[in-house]
file target-v3.txt (compact mmCIF, C-alpha atoms)
# COMPACT_ATOMS: atom_id res chain seq x y z
CA MET A 1 80.79 92.74 63.04
CA ILE A 2 82.31 94.60 66.00
CA HIS A 3 85.98 95.45 65.60
CA PRO A 4 87.98 93.22 67.99
CA LYS A 5 89.66 96.19 69.64
CA LEU A 6 86.29 97.78 70.44
CA ARG A 7 87.43 101.40 70.27
CA HIS A 8 83.84 102.55 70.86
CA LEU A 9 83.36 100.78 74.18
CA PRO A 10 82.40 104.00 76.05
CA LEU A 11 79.56 104.55 73.56
CA ALA A 12 78.37 100.99 74.10
CA ALA A 13 78.53 101.52 77.86
CA ALA A 14 76.50 104.71 77.53
CA ALA A 15 73.78 102.80 75.70
CA LEU A 16 73.66 100.18 78.45
CA VAL A 17 73.41 102.85 81.15
CA ALA A 18 70.06 103.93 79.76
CA CYS A 19 68.54 100.49 80.25
CA SER A 20 70.50 99.20 83.24
CA GLY A 21 67.55 99.50 85.60
CA ALA A 22 65.20 97.62 83.31
CA PHE A 23 66.14 94.22 84.68
CA ALA A 24 68.42 92.71 87.28
CA GLY A 25 69.97 89.79 85.48
CA TYR A 26 68.36 86.74 83.93
CA GLN A 27 67.55 83.35 85.37
CA SER A 28 66.28 80.41 83.35
CA PRO A 29 62.85 78.97 84.29
CA ASP A 30 64.46 75.79 85.64
CA GLY A 31 66.85 77.83 87.81
CA HIS A 32 69.95 76.19 86.31
CA PHE A 33 71.32 79.17 84.38
CA SER A 34 71.78 82.79 85.45
CA LEU A 35 73.25 85.74 83.57
CA SER A 36 74.16 89.20 84.81
CA GLY A 37 76.50 92.04 84.01
CA PHE A 38 78.03 95.28 85.21
CA GLY A 39 79.88 98.24 83.84
CA THR A 40 81.23 101.73 84.34
CA LEU A 41 81.22 104.75 82.09
CA GLY A 42 83.86 107.06 83.54
CA LEU A 43 85.41 110.30 82.30
CA SER A 44 88.62 111.63 83.89
CA LYS A 45 90.60 114.83 83.44
CA THR A 46 93.76 116.18 85.12
CA ASN A 47 95.55 119.52 85.32
CA SER A 48 98.76 118.22 83.70
CA ASP A 49 99.95 117.21 80.24
CA GLU A 50 103.30 115.92 81.54
CA ALA A 51 102.02 112.44 82.43
CA TYR A 52 98.92 110.28 82.04
CA PHE A 53 96.53 109.26 84.81
CA ALA A 54 95.68 105.57 84.41
CA TYR A 55 95.22 102.37 86.34
CA PRO A 56 98.66 100.77 86.89
CA GLY A 57 99.52 98.84 83.72
CA GLN A 58 97.22 100.64 81.26
CA ALA A 59 98.87 101.99 78.11
CA GLY A 60 97.30 105.45 78.24
CA GLY A 61 94.90 107.61 80.16
CA ALA A 62 93.76 111.09 81.06
CA THR A 63 95.65 114.39 80.89
CA LYS A 64 94.25 117.89 80.47
CA HIS A 65 92.33 116.18 77.70
CA ALA A 66 89.51 114.19 79.29
CA SER A 67 89.54 110.44 78.70
CA PHE A 68 87.10 107.57 79.13
CA ASP A 69 89.95 105.04 79.20
CA PRO A 70 90.97 104.70 82.86
CA ASP A 71 87.64 103.60 84.34
CA SER A 72 85.23 102.53 81.57
CA LYS A 73 84.45 98.83 81.37
CA ILE A 74 81.72 96.28 80.59
CA ALA A 75 81.44 92.70 81.85
CA VAL A 76 79.00 89.81 81.54
CA GLN A 77 78.93 86.85 83.93
CA GLY A 78 77.06 83.57 83.64
CA THR A 79 76.65 80.57 85.95
CA TYR A 80 75.23 77.16 85.11
CA LYS A 81 74.26 74.61 87.78
CA PHE A 82 74.87 71.07 86.53
CA THR A 83 73.69 69.60 89.84
CA PRO A 84 72.65 71.17 93.17
CA THR A 85 76.31 71.07 94.28
CA LEU A 86 78.28 71.43 90.99
CA SER A 87 78.35 74.60 88.91
CA GLY A 88 80.42 76.48 86.35
CA THR A 89 80.97 80.26 86.13
CA ALA A 90 82.46 82.42 83.40
CA GLN A 91 83.01 86.17 83.23
CA VAL A 92 84.04 88.16 80.14
CA MET A 93 85.27 91.71 80.68
CA THR A 94 86.25 94.51 78.32
CA LYS A 95 88.35 97.43 79.59
CA PHE A 96 91.30 99.53 78.44
CA ASP A 97 94.44 97.41 78.66
CA ALA A 98 98.24 97.44 78.51
CA GLU A 99 98.25 97.35 74.72
CA GLY A 100 96.07 100.44 74.37
CA GLN A 101 92.88 98.72 73.27
CA TYR A 102 89.50 97.49 74.42
CA GLU A 103 89.44 93.74 73.86
CA PRO A 104 87.11 91.21 75.55
CA LYS A 105 89.02 88.86 77.86
CA MET A 106 87.98 85.85 79.88
CA GLU A 107 88.42 87.11 83.42
CA TRP A 108 86.86 84.09 85.17
CA ALA A 109 86.20 80.52 84.04
CA PHE A 110 85.93 78.05 86.90
CA ALA A 111 84.03 75.06 88.22
CA LYS A 112 82.76 74.93 91.80
CA TRP A 113 81.84 71.97 94.01
CA GLN A 114 79.82 72.75 97.14
CA ALA A 115 80.95 69.70 99.09
CA SER A 116 78.93 70.65 102.19
CA PRO A 117 77.04 73.73 103.39
CA GLY A 118 80.28 75.22 104.75
CA LEU A 119 82.93 73.73 102.44
CA SER A 120 83.53 74.44 98.75
CA PHE A 121 86.25 73.80 96.17
CA ARG A 122 86.94 75.66 92.93
CA ALA A 123 89.27 75.10 89.98
CA GLY A 124 90.00 77.20 86.91
CA ARG A 125 90.53 80.93 86.37
CA MET A 126 89.30 82.98 89.32
CA GLY A 127 89.59 86.45 90.80
CA GLY A 128 92.95 86.86 92.53
CA PRO A 129 92.23 87.05 96.29
CA PHE A 130 94.82 89.72 97.00
CA PHE A 131 92.69 92.41 98.62
CA MET A 132 89.64 93.08 100.75
CA ILE A 133 87.36 93.59 97.72
CA SER A 134 89.15 91.30 95.27
CA ASP A 135 86.01 89.51 94.05
CA PHE A 136 84.25 92.75 93.12
CA ARG A 137 87.12 95.22 92.62
CA ASP A 138 85.92 95.88 89.04
CA VAL A 139 82.26 96.24 89.99
CA GLY A 140 82.06 99.98 90.50
CA PHE A 141 78.44 99.80 91.68
CA ALA A 142 79.51 97.62 94.63
CA ASN A 143 82.12 100.13 95.85
CA THR A 144 81.78 103.53 97.47
CA PRO A 145 84.51 105.45 95.56
CA VAL A 146 84.97 105.71 91.81
CA ARG A 147 87.74 103.08 91.84
CA PRO A 148 89.60 100.84 94.31
CA ASN A 149 92.36 102.84 95.96
CA LEU A 150 95.33 102.64 93.58
CA ASP A 151 97.93 103.30 96.28
CA VAL A 152 97.04 99.87 97.70
CA TYR A 153 95.51 97.94 94.79
CA GLY A 154 98.13 99.08 92.28
CA GLN A 155 100.82 97.06 94.06
CA VAL A 156 99.70 93.75 92.51
CA PRO A 157 99.40 94.09 88.71
CA VAL A 158 97.23 91.00 88.13
CA SER A 159 93.52 90.54 88.84
CA SER A 160 92.96 86.81 88.27
CA PHE A 161 94.82 83.53 88.64
CA GLU A 162 94.57 79.98 87.32
CA GLY A 163 94.56 77.27 89.94
CA ILE A 164 92.50 75.86 92.80
CA ASP A 165 91.09 77.01 96.11
CA ALA A 166 89.23 75.58 99.09
CA THR A 167 86.95 77.65 101.31
CA TYR A 168 85.47 76.75 104.68
CA GLN A 169 82.90 78.91 106.46
CA THR A 170 81.82 78.55 110.07
CA ASN A 171 80.44 80.58 112.96
CA VAL A 172 82.71 81.59 115.84
CA GLY A 173 80.51 83.21 118.43
CA SER A 174 78.86 86.20 116.76
CA MET A 175 81.37 86.17 113.89
CA THR A 176 81.12 84.35 110.56
CA LEU A 177 84.64 83.19 109.76
CA THR A 178 85.61 82.35 106.17
CA SER A 179 88.96 80.62 105.59
CA THR A 180 90.46 80.07 102.14
CA ILE A 181 93.63 78.40 100.96
CA TRP A 182 94.60 78.70 97.31
CA ALA A 183 97.37 77.96 94.83
CA GLY A 184 98.10 78.65 91.17
CA ASP A 185 99.73 80.93 88.62
CA ALA A 186 98.86 84.37 87.24
CA LYS A 187 100.00 86.61 84.42
CA ASN A 188 99.06 89.91 82.86
CA LYS A 189 100.28 92.43 80.32
CA TYR A 190 101.69 95.60 81.88
CA ALA A 191 102.72 98.97 80.45
CA SER A 192 105.06 100.98 82.67
CA ALA A 193 105.63 103.87 80.24
CA LEU A 194 103.74 105.25 77.28
CA HIS A 195 106.54 104.56 74.80
CA SER A 196 109.05 101.76 75.23
CA LEU A 197 112.79 102.16 74.74
CA GLY A 198 113.56 102.80 71.08
CA GLN A 199 109.89 102.99 70.06
CA ALA A 200 108.40 106.28 68.91
CA ASN A 201 104.66 105.74 68.86
CA ALA A 202 103.82 102.42 70.44
CA ALA A 203 103.36 101.01 73.92
CA GLU A 204 105.36 97.80 74.09
CA ALA A 205 103.92 96.05 77.11
CA SER A 206 105.78 93.80 79.49
CA GLU A 207 104.31 90.57 80.85
CA VAL A 208 104.06 90.01 84.59
CA VAL A 209 104.17 86.30 85.51
CA LEU A 210 103.49 85.08 89.05
CA SER A 211 104.15 81.36 89.41
CA ASN A 212 103.90 78.79 92.19
CA ILE A 213 101.66 81.06 94.24
CA ARG A 214 100.46 79.79 97.58
CA GLY A 215 98.10 81.85 99.68
CA VAL A 216 95.74 81.98 102.63
CA ASN A 217 92.87 84.36 103.43
CA LEU A 218 90.87 84.83 106.60
CA GLN A 219 87.74 86.97 106.77
CA GLY A 220 85.47 87.73 109.70
CA GLU A 221 82.01 89.32 109.49
CA PHE A 222 79.82 90.50 112.37
CA ASP A 223 76.14 91.38 112.48
CA ASN A 224 76.94 94.93 113.61
CA GLY A 225 78.36 95.89 110.20
CA PHE A 226 82.02 95.34 111.08
CA SER A 227 84.24 93.01 109.06
CA TRP A 228 87.95 92.33 108.70
CA ARG A 229 90.16 90.48 106.26
CA PHE A 230 93.77 89.18 106.36
CA GLY A 231 95.63 87.64 103.44
CA TYR A 232 99.12 86.41 102.65
CA LEU A 233 100.65 84.94 99.51
CA LYS A 234 104.09 83.88 98.37
CA GLY A 235 105.36 82.90 94.93
CA LYS A 236 107.82 83.61 92.14
CA ASP A 237 107.74 86.85 90.16
CA THR A 238 109.05 87.23 86.59
CA ILE A 239 108.81 90.40 84.49
CA LYS A 240 109.23 89.71 80.77
CA SER A 241 110.22 93.22 79.74
CA PRO A 242 111.27 94.05 76.14
CA THR A 243 113.04 97.11 77.51
CA ALA A 244 115.03 95.09 80.06
CA LEU A 245 116.01 92.57 77.35
CA LYS A 246 117.34 95.40 75.17
CA VAL A 247 119.40 96.78 78.03
CA ILE A 248 120.77 93.30 78.80
CA GLY A 249 121.80 93.12 75.14
CA TYR A 250 123.65 96.42 75.57
CA VAL A 251 125.35 95.00 78.68
CA ASN A 252 126.54 91.88 76.82
CA ALA A 253 127.89 94.03 73.97
CA SER A 254 129.76 96.39 76.29
CA ALA A 255 133.47 96.34 77.02
CA GLY A 256 133.04 95.52 80.71
CA THR A 257 134.51 92.55 82.52
CA ASN A 258 132.49 89.37 82.99
CA GLU A 259 132.04 90.21 86.68
CA GLU A 260 130.74 93.70 85.85
CA LYS A 261 128.35 92.27 83.29
CA GLN A 262 127.01 89.65 85.69
CA ASP A 263 126.46 92.27 88.39
CA ALA A 264 124.59 94.44 85.89
CA ILE A 265 122.43 91.60 84.61
CA SER A 266 121.48 90.66 88.17
CA ASN A 267 120.00 94.17 88.49
CA LEU A 268 117.97 93.67 85.31
CA ASP A 269 116.94 90.01 85.51
CA THR A 270 113.72 89.35 87.44
CA ASP A 271 113.41 85.67 86.50
CA LYS A 272 111.51 83.85 89.27
CA ALA A 273 112.39 86.30 92.03
CA SER A 274 110.76 85.38 95.34
CA ALA A 275 107.80 87.67 96.01
CA SER A 276 105.13 88.01 98.67
CA PHE A 277 102.13 90.16 99.49
CA THR A 278 100.50 90.75 102.85
CA GLY A 279 97.21 92.57 103.20
CA PHE A 280 94.91 93.54 106.06
CA GLY A 281 91.67 95.49 105.90
CA VAL A 282 88.67 96.49 108.01
CA THR A 283 85.25 97.89 107.10
CA TYR A 284 82.27 99.24 108.99
CA ASP A 285 78.95 99.84 107.24
CA GLN A 286 76.03 100.31 109.56
CA ASP A 287 73.09 102.70 109.48
CA ASP A 288 74.46 105.76 107.63
CA ILE A 289 78.14 105.40 108.55
CA VAL A 290 80.66 103.96 106.08
CA LEU A 291 84.29 103.41 107.17
CA SER A 292 87.10 101.37 105.64
CA ALA A 293 90.88 101.06 105.83
CA GLU A 294 93.36 98.72 104.17
CA TYR A 295 97.10 98.09 104.24
CA GLY A 296 99.16 96.11 101.76
CA ARG A 297 102.86 95.28 101.64
CA ARG A 298 104.69 93.84 98.60
CA GLY A 299 107.92 92.02 99.31
CA VAL A 300 110.38 91.27 96.49
CA GLU A 301 113.67 89.39 96.67
CA ASP A 302 116.72 91.65 96.29
CA LYS A 303 117.05 90.68 92.63
CA GLY A 304 116.14 92.68 89.55
CA TYR A 305 114.61 96.16 89.50
CA ILE A 306 111.08 95.66 90.89
CA PRO A 307 110.85 97.49 94.23
CA ALA A 308 109.34 96.35 97.49
CA THR A 309 106.44 98.63 98.44
CA LYS A 310 103.79 99.34 101.03
CA GLY A 311 100.52 101.21 100.72
CA TRP A 312 97.53 102.16 102.87
CA TYR A 313 94.27 104.06 102.67
CA THR A 314 91.45 105.18 104.92
CA LEU A 315 87.95 106.19 103.82
CA ALA A 316 85.02 107.71 105.70
CA GLY A 317 81.56 108.53 104.44
CA TYR A 318 78.04 109.33 105.65
CA ARG A 319 74.75 108.64 103.88
CA PHE A 320 72.12 111.33 103.46
CA GLY A 321 69.34 109.26 101.93
CA SER A 322 70.55 108.22 98.47
CA VAL A 323 73.60 110.54 98.58
CA LEU A 324 76.88 109.43 100.14
CA PRO A 325 79.73 111.97 100.39
CA TYR A 326 83.12 110.56 101.40
CA VAL A 327 86.75 111.50 101.99
CA SER A 328 89.88 109.37 101.70
CA LEU A 329 93.61 109.55 102.47
CA SER A 330 96.26 107.17 101.10
CA ARG A 331 99.98 106.69 100.52
CA LEU A 332 102.22 104.45 98.43
CA SER A 333 105.88 104.14 99.44
CA ILE A 334 108.91 102.20 98.24
CA THR A 335 110.50 100.25 101.09
CA ASN A 336 113.39 98.81 99.04
CA PRO A 337 114.26 99.93 95.48
CA ASN A 338 116.31 96.73 94.95
CA ALA A 339 118.48 98.23 92.17
CA ALA A 340 120.23 101.34 90.91
CA PRO A 341 121.16 102.56 87.41
CA ILE A 342 124.25 100.98 85.85
CA THR A 343 126.87 103.66 85.18
CA ASN A 344 130.05 101.74 84.34
CA LEU A 345 129.19 99.95 81.07
CA GLY A 346 128.69 102.73 78.56
CA ALA A 347 126.10 105.32 77.62
CA LEU A 348 123.49 102.93 76.18
CA VAL A 349 123.46 100.80 79.34
CA GLN A 350 123.30 103.85 81.58
CA ILE A 351 120.46 105.48 79.63
CA GLY A 352 118.52 102.24 79.28
CA SER A 353 118.87 101.12 82.91
CA THR A 354 118.06 104.61 84.23
CA ALA A 355 114.95 104.74 82.05
CA LEU A 356 113.87 101.30 83.25
CA PHE A 357 114.41 102.04 86.94
CA ASN A 358 112.70 105.44 86.68
CA THR A 359 109.43 103.73 85.79
CA GLN A 360 109.56 102.03 89.21
CA LYS A 361 109.77 105.25 91.25
CA LEU A 362 106.27 105.12 92.68
CA ASN A 363 106.10 107.23 95.87
CA GLN A 364 102.95 109.34 96.14
CA ASP A 365 100.28 110.61 98.55
CA THR A 366 96.62 111.01 97.64
CA LYS A 367 93.80 113.03 99.19
CA SER A 368 90.34 112.38 97.77
CA VAL A 369 86.84 113.72 98.20
CA GLY A 370 83.80 112.42 96.40
CA VAL A 371 80.09 111.82 96.37
CA ARG A 372 77.96 108.87 95.30
CA TRP A 373 74.31 109.21 94.33
CA ASP A 374 72.22 106.06 93.98
CA ALA A 375 69.95 107.41 91.27
CA ARG A 376 67.86 104.23 91.01
CA ASN A 377 68.12 100.48 91.42
CA GLY A 378 71.28 99.27 89.71
CA LEU A 379 72.55 102.74 88.82
CA ALA A 380 74.97 104.97 90.75
CA VAL A 381 76.41 108.33 89.71
CA LYS A 382 79.73 109.43 91.24
CA ALA A 383 82.04 112.42 91.22
CA GLN A 384 85.52 112.25 92.72
CA TYR A 385 88.39 114.70 93.07
CA ASP A 386 91.89 113.33 93.78
CA TYR A 387 94.82 115.53 94.81
CA VAL A 388 97.99 113.50 94.22
CA SER A 389 101.28 114.76 95.68
CA ILE A 390 104.42 113.24 94.15
CA PRO A 391 107.86 114.03 95.58
CA LYS A 392 110.94 114.90 93.56
CA ASN A 393 112.59 111.87 91.91
CA SER A 394 109.30 109.98 91.62
CA ASN A 395 106.72 109.48 88.87
CA GLY A 396 104.15 108.14 91.29
CA GLN A 397 101.73 105.84 89.49
CA PHE A 398 101.40 108.15 86.52
CA LEU A 399 102.28 106.91 83.05
CA VAL A 400 105.17 108.86 81.53
CA ASP A 401 106.38 109.33 77.98
CA ASP A 402 109.33 107.43 76.53
CA PRO A 403 111.63 107.10 79.59
CA ALA A 404 114.80 106.94 77.48
CA THR A 405 114.02 110.30 75.88
CA ALA A 406 113.26 111.69 79.33
CA VAL A 407 116.69 110.62 80.60
CA LEU A 408 118.45 112.30 77.69
CA SER A 409 116.47 115.54 77.90
CA GLY A 410 116.16 115.72 81.67
CA SER A 411 112.62 114.88 82.75
CA LYS A 412 110.87 117.93 84.16
CA PHE A 413 108.17 115.66 85.59
CA LEU A 414 110.55 113.33 87.45
CA ASN A 415 112.98 115.97 88.70
CA LYS A 416 110.57 118.19 90.60
CA PRO A 417 107.85 117.79 93.23
CA LYS A 418 104.39 118.00 91.67
CA ASP A 419 100.77 118.12 92.72
CA ILE A 420 98.27 116.73 90.22
CA SER A 421 94.51 117.09 90.41
CA VAL A 422 92.30 114.39 88.92
CA LEU A 423 88.57 114.93 88.42
CA THR A 424 86.40 111.93 87.54
CA LEU A 425 82.71 111.64 86.74
CA SER A 426 81.32 108.13 86.43
CA VAL A 427 78.15 106.11 86.11
CA ASP A 428 78.17 102.56 87.51
CA PHE A 429 75.47 100.09 86.55
CA VAL A 430 74.49 96.48 86.95
CA PHE A 431 72.17 94.59 84.63

call {"tool": "encode", "arguments": {"input": "target-v3.txt", "output": "structure tokens"}}
result
Amino acid sequence: MIHPKLRHLPLAAAALVACSGAFAGYQSPDGHFSLSGFGTLGLSKTNSDEAYFAYPGQAGGATKHASFDPDSKIAVQGTYKFTPTLSGTAQVMTKFDAEGQYEPKMEWAFAKWQASPGLSFRAGRMGGPFFMISDFRDVGFANTPVRPNLDVYGQVPVSSFEGIDATYQTNVGSMTLTSTIWAGDAKNKYASALHSLGQANAAEASEVVLSNIRGVNLQGEFDNGFSWRFGYLKGKDTIKSPTALKVIGYVNASAGTNEEKQDAISNLDTDKASASFTGFGVTYDQDDIVLSAEYGRRGVEDKGYIPATKGWYTLAGYRFGSVLPYVSLSRLSITNPNAAPITNLGALVQIGSTALFNTQKLNQDTKSVGVRWDARNGLAVKAQYDYVSIPKNSNGQFLVDDPATAVLSGSKFLNKPKDISVLTLSVDFVF
């Protein structure tokens, strides 16, 4: 029996890489059932031991010691057609998560009704349509770089939602226009620091809850290889943070006035804060030229400690047969920090609130260069070098050690500008 935390996922992925080109999915003889899968075996290494390179929300990652954790994953997806117009789809994915483990999770589980050739409805758990490549953001083989650009995609810490959507597709001149409206709720575990406040050797993850989400997406595709996508969503954002709850407890136990305590709690309480996300992207993929750019802006009500942000990236590449070198530039910036450390209610409150707010200092710039080699059908080998520049008083999107200890000792990482190099080698496969 496989251990539920699947610590040996990278070894399992390596075994699948060897046979990934043997078949391209399965389809039953009657055509009702299809099964396919994808995965990535990725190894990353940085030039720093002061912080961990990881996807936003993961509980650990790469330092000077190489790690498989940031990028490695395996997923299996199946679809069953009950009738020509009614189907069900499920996707199970295993990747390194906010609790520091590999555990299979149901990423998708939805029913779809194709009401007419251009109109469809879905209900259940689906990929969150936040970005230009939301539906295949985890499918490394479908993307040019090693990973979706984290300066843009790291702004929304959930990848799926539970709810409904309706999609209508039509032709407008030479453009195929796809319009989607959707609604639902989403949640995900999230680690913002390697060790939580008061914990020595454990990552105590928070839970991000997005409720009452309403969104719209528009996407246009042309025959000449050009496409664009616009999306907007609005909802309520709640961060269930064990660290924030501890600091609120320190606030209530302090000797401050009721007004001072209420002001402090308003800086720590994120319960159902109004939040929005706006995204726009363009791509061009024709002949040997590959170009893409995307912009995303996260808006958060001036309540709690979660900052409003904006991020963008550009990517350009050129194919030489099966080899595609590319370069990319990106930036993540805070547009409104929304809160500041609490200094008037005692040492515990000051240390705890400073530690909490420091995990939200995200400014960084990234320059990347990479190459993709399509070794055979269903198998791509990639190498990517990222040069991440982080200004003073920012952690960027790197995972730091216990933030409370860093406040007490004076964090060398936070209090200086730093340039971190990240080298990643990966193999993407579909099966």

call {"tool": "residues_around", "arguments": {"input": "target-v3.txt", "residues": "segment 27-42 of chain A", "least_positions_apart": "5", "cutoff": "9 Å", "atoms": "only C-alpha atoms", "output": "ChimeraX atom specification"}}
result
/A:10-11,13-14,16-17,20,67-84,87,91,138-141,146,424-431

call {"tool": "atom_distance", "arguments": {"input": "target-v3.txt", "atom1": "atom CA of Ala347 of chain A", "atom2": "atom CA of Ser411 of chain A"}}
result
17.3 Å

call {"tool": "closest_residue", "arguments": {"input": "target-v3.txt", "among": "A:Leu86, A:Ala253, A:Leu399, A:Val290", "to": "Leu345 of chain A", "atoms": "all atoms listed in the file"}}
result
A:Ala253

call {"tool": "residues_around", "arguments": {"input": "target-v3.txt", "residues": "segment 256-265 of chain A", "least_positions_apart": "6", "cutoff": "12 Å", "atoms": "all atoms listed in the file", "output": "number ranges by chain"}}
result
A: 244-250, 271, 303-305, 339-346, 349-350, 352-353

call {"tool": "atom_distance", "arguments": {"input": "target-v3.txt", "atom1": "atom CA of Pro403 of chain A", "atom2": "atom CA of Ala51 of chain A"}}
result
11.4 Å

call {"tool": "atom_distance", "arguments": {"input": "target-v3.txt", "atom1": "atom CA of Thr238 of chain A", "atom2": "atom CA of Arg125 of chain A"}}
result
19.6 Å

call {"tool": "closest_residue", "arguments": {"input": "target-v3.txt", "among": "A:Val251, A:Val323, A:Ile334, A:Leu194", "to": "Ala308 of chain A", "atoms": "all atoms listed in the file"}}
result
A:Ile334

call {"tool": "residues_around", "arguments": {"input": "target-v3.txt", "residues": "Ser292 of chain A", "least_positions_apart": "5", "cutoff": "7 Å", "atoms": "all atoms listed in the file", "output": "ChimeraX atom specification"}}
result
/A:282-284,314-316

call {"tool": "closest_residue", "arguments": {"input": "target-v3.txt", "among": "A:Ile390, A:Ala275, A:Ile133, A:Ala375", "to": "Ser227 of chain A", "atoms": "all atoms listed in the file"}}
result
A:Ile133

call {"tool": "closest_residue", "arguments": {"input": "target-v3.txt", "among": "A:Ala98, A:Ile213, A:Val422, A:Ala123", "to": "Asn188 of chain A", "atoms": "all atoms listed in the file"}}
result
A:Ala98

call {"tool": "closest_atom_pairs", "arguments": {"input": "target-v3.txt", "of": "segment 92-126 of chain A", "to": "segment 158-177 of chain A", "cutoff": "10 Å", "atoms": "only C-alpha atoms", "output": "tab-separated table"}}
result
residue	atom	partner	partner_atom	distance
A:Met106	CA	A:Ser160	CA	9.8
A:Glu107	CA	A:Ser160	CA	6.7
A:Trp108	CA	A:Ser160	CA	7.4
A:Ala109	CA	A:Glu162	CA	9.0
A:Phe110	CA	A:Glu162	CA	8.9
A:Ala111	CA	A:Ile164	CA	9.7
A:Lys112	CA	A:Asp165	CA	9.6
A:Trp113	CA	A:Ala166	CA	9.7
A:Gln114	CA	A:Thr167	CA	9.6
A:Ser116	CA	A:Tyr168	CA	9.3
A:Pro117	CA	A:Gln169	CA	8.4
A:Gly118	CA	A:Gln169	CA	4.8
A:Leu119	CA	A:Tyr168	CA	4.5
A:Ser120	CA	A:Thr167	CA	5.3
A:Phe121	CA	A:Ala166	CA	4.5
A:Arg122	CA	A:Asp165	CA	5.4
A:Ala123	CA	A:Ile164	CA	4.4
A:Gly124	CA	A:Glu162	CA	5.4
A:Arg125	CA	A:Glu162	CA	4.3
A:Met126	CA	A:Ser160	CA	5.4

call {"tool": "residues_around", "arguments": {"input": "target-v3.txt", "residues": "Gly396 of chain A", "least_positions_apart": "3", "cutoff": "9 Å", "atoms": "only C-alpha atoms", "output": "list in words"}}
result
Leu332, Thr359, Gln360, Lys361, Leu362, Asn363, Gln364, Asp365, Val388, Ser389, Ile390, Pro391 and Leu399 of chain A

call {"tool": "closest_residue", "arguments": {"input": "target-v3.txt", "among": "A:Lys412, A:Lys105, A:Arg372, A:Lys272", "to": "Val92 of chain A", "atoms": "only C-alpha atoms"}}
result
A:Lys105

call {"tool": "decode", "arguments": {"input": "target-v3.txt", "residues": "segment 88-126 of chain A", "atoms": "C-alpha atoms", "output": "compact mmCIF listing (two decimals), in the first residue's frame"}}
result
# COMPACT_ATOMS: atom_id res chain seq x y z
CA GLY A 88 -18.72 13.84 -16.30
CA THR A 89 -15.01 14.65 -15.77
CA ALA A 90 -12.71 14.06 -12.81
CA GLN A 91 -9.05 14.90 -12.32
CA VAL A 92 -6.84 13.70 -9.44
CA MET A 93 -3.51 15.48 -8.95
CA THR A 94 -0.58 14.90 -6.63
CA LYS A 95 1.94 17.69 -6.00
CA PHE A 96 3.84 19.22 -3.08
CA ASP A 97 1.39 21.19 -0.95
CA ALA A 98 1.05 23.69 1.89
CA GLU A 99 1.40 20.98 4.53
CA GLY A 100 4.71 19.72 3.17
CA GLN A 101 3.47 16.49 1.63
CA TYR A 102 2.48 14.81 -1.60
CA GLU A 103 -1.15 13.78 -1.24
CA PRO A 104 -3.61 13.00 -4.07
CA LYS A 105 -6.39 15.59 -4.28
CA MET A 106 -9.49 15.86 -6.41
CA GLU A 107 -8.70 18.88 -8.55
CA TRP A 108 -11.72 18.59 -10.87
CA ALA A 109 -15.06 16.78 -10.54
CA PHE A 110 -17.80 18.25 -12.71
CA ALA A 111 -20.71 17.43 -14.98
CA LYS A 112 -21.12 19.09 -18.37
CA TRP A 113 -24.20 19.58 -20.55
CA GLN A 114 -23.58 20.56 -24.17
CA ALA A 115 -26.93 22.25 -24.69
CA SER A 116 -26.15 23.23 -28.30
CA PRO A 117 -23.04 23.27 -30.50
CA GLY A 118 -22.07 26.68 -29.12
CA LEU A 119 -23.55 26.61 -25.60
CA SER A 120 -22.49 24.51 -22.62
CA PHE A 121 -23.10 24.42 -18.87
CA ARG A 122 -20.96 22.87 -16.13
CA ALA A 123 -21.42 22.27 -12.41
CA GLY A 124 -19.06 20.91 -9.77
CA ARG A 125 -15.37 21.46 -9.03
CA MET A 126 -13.56 23.05 -11.97
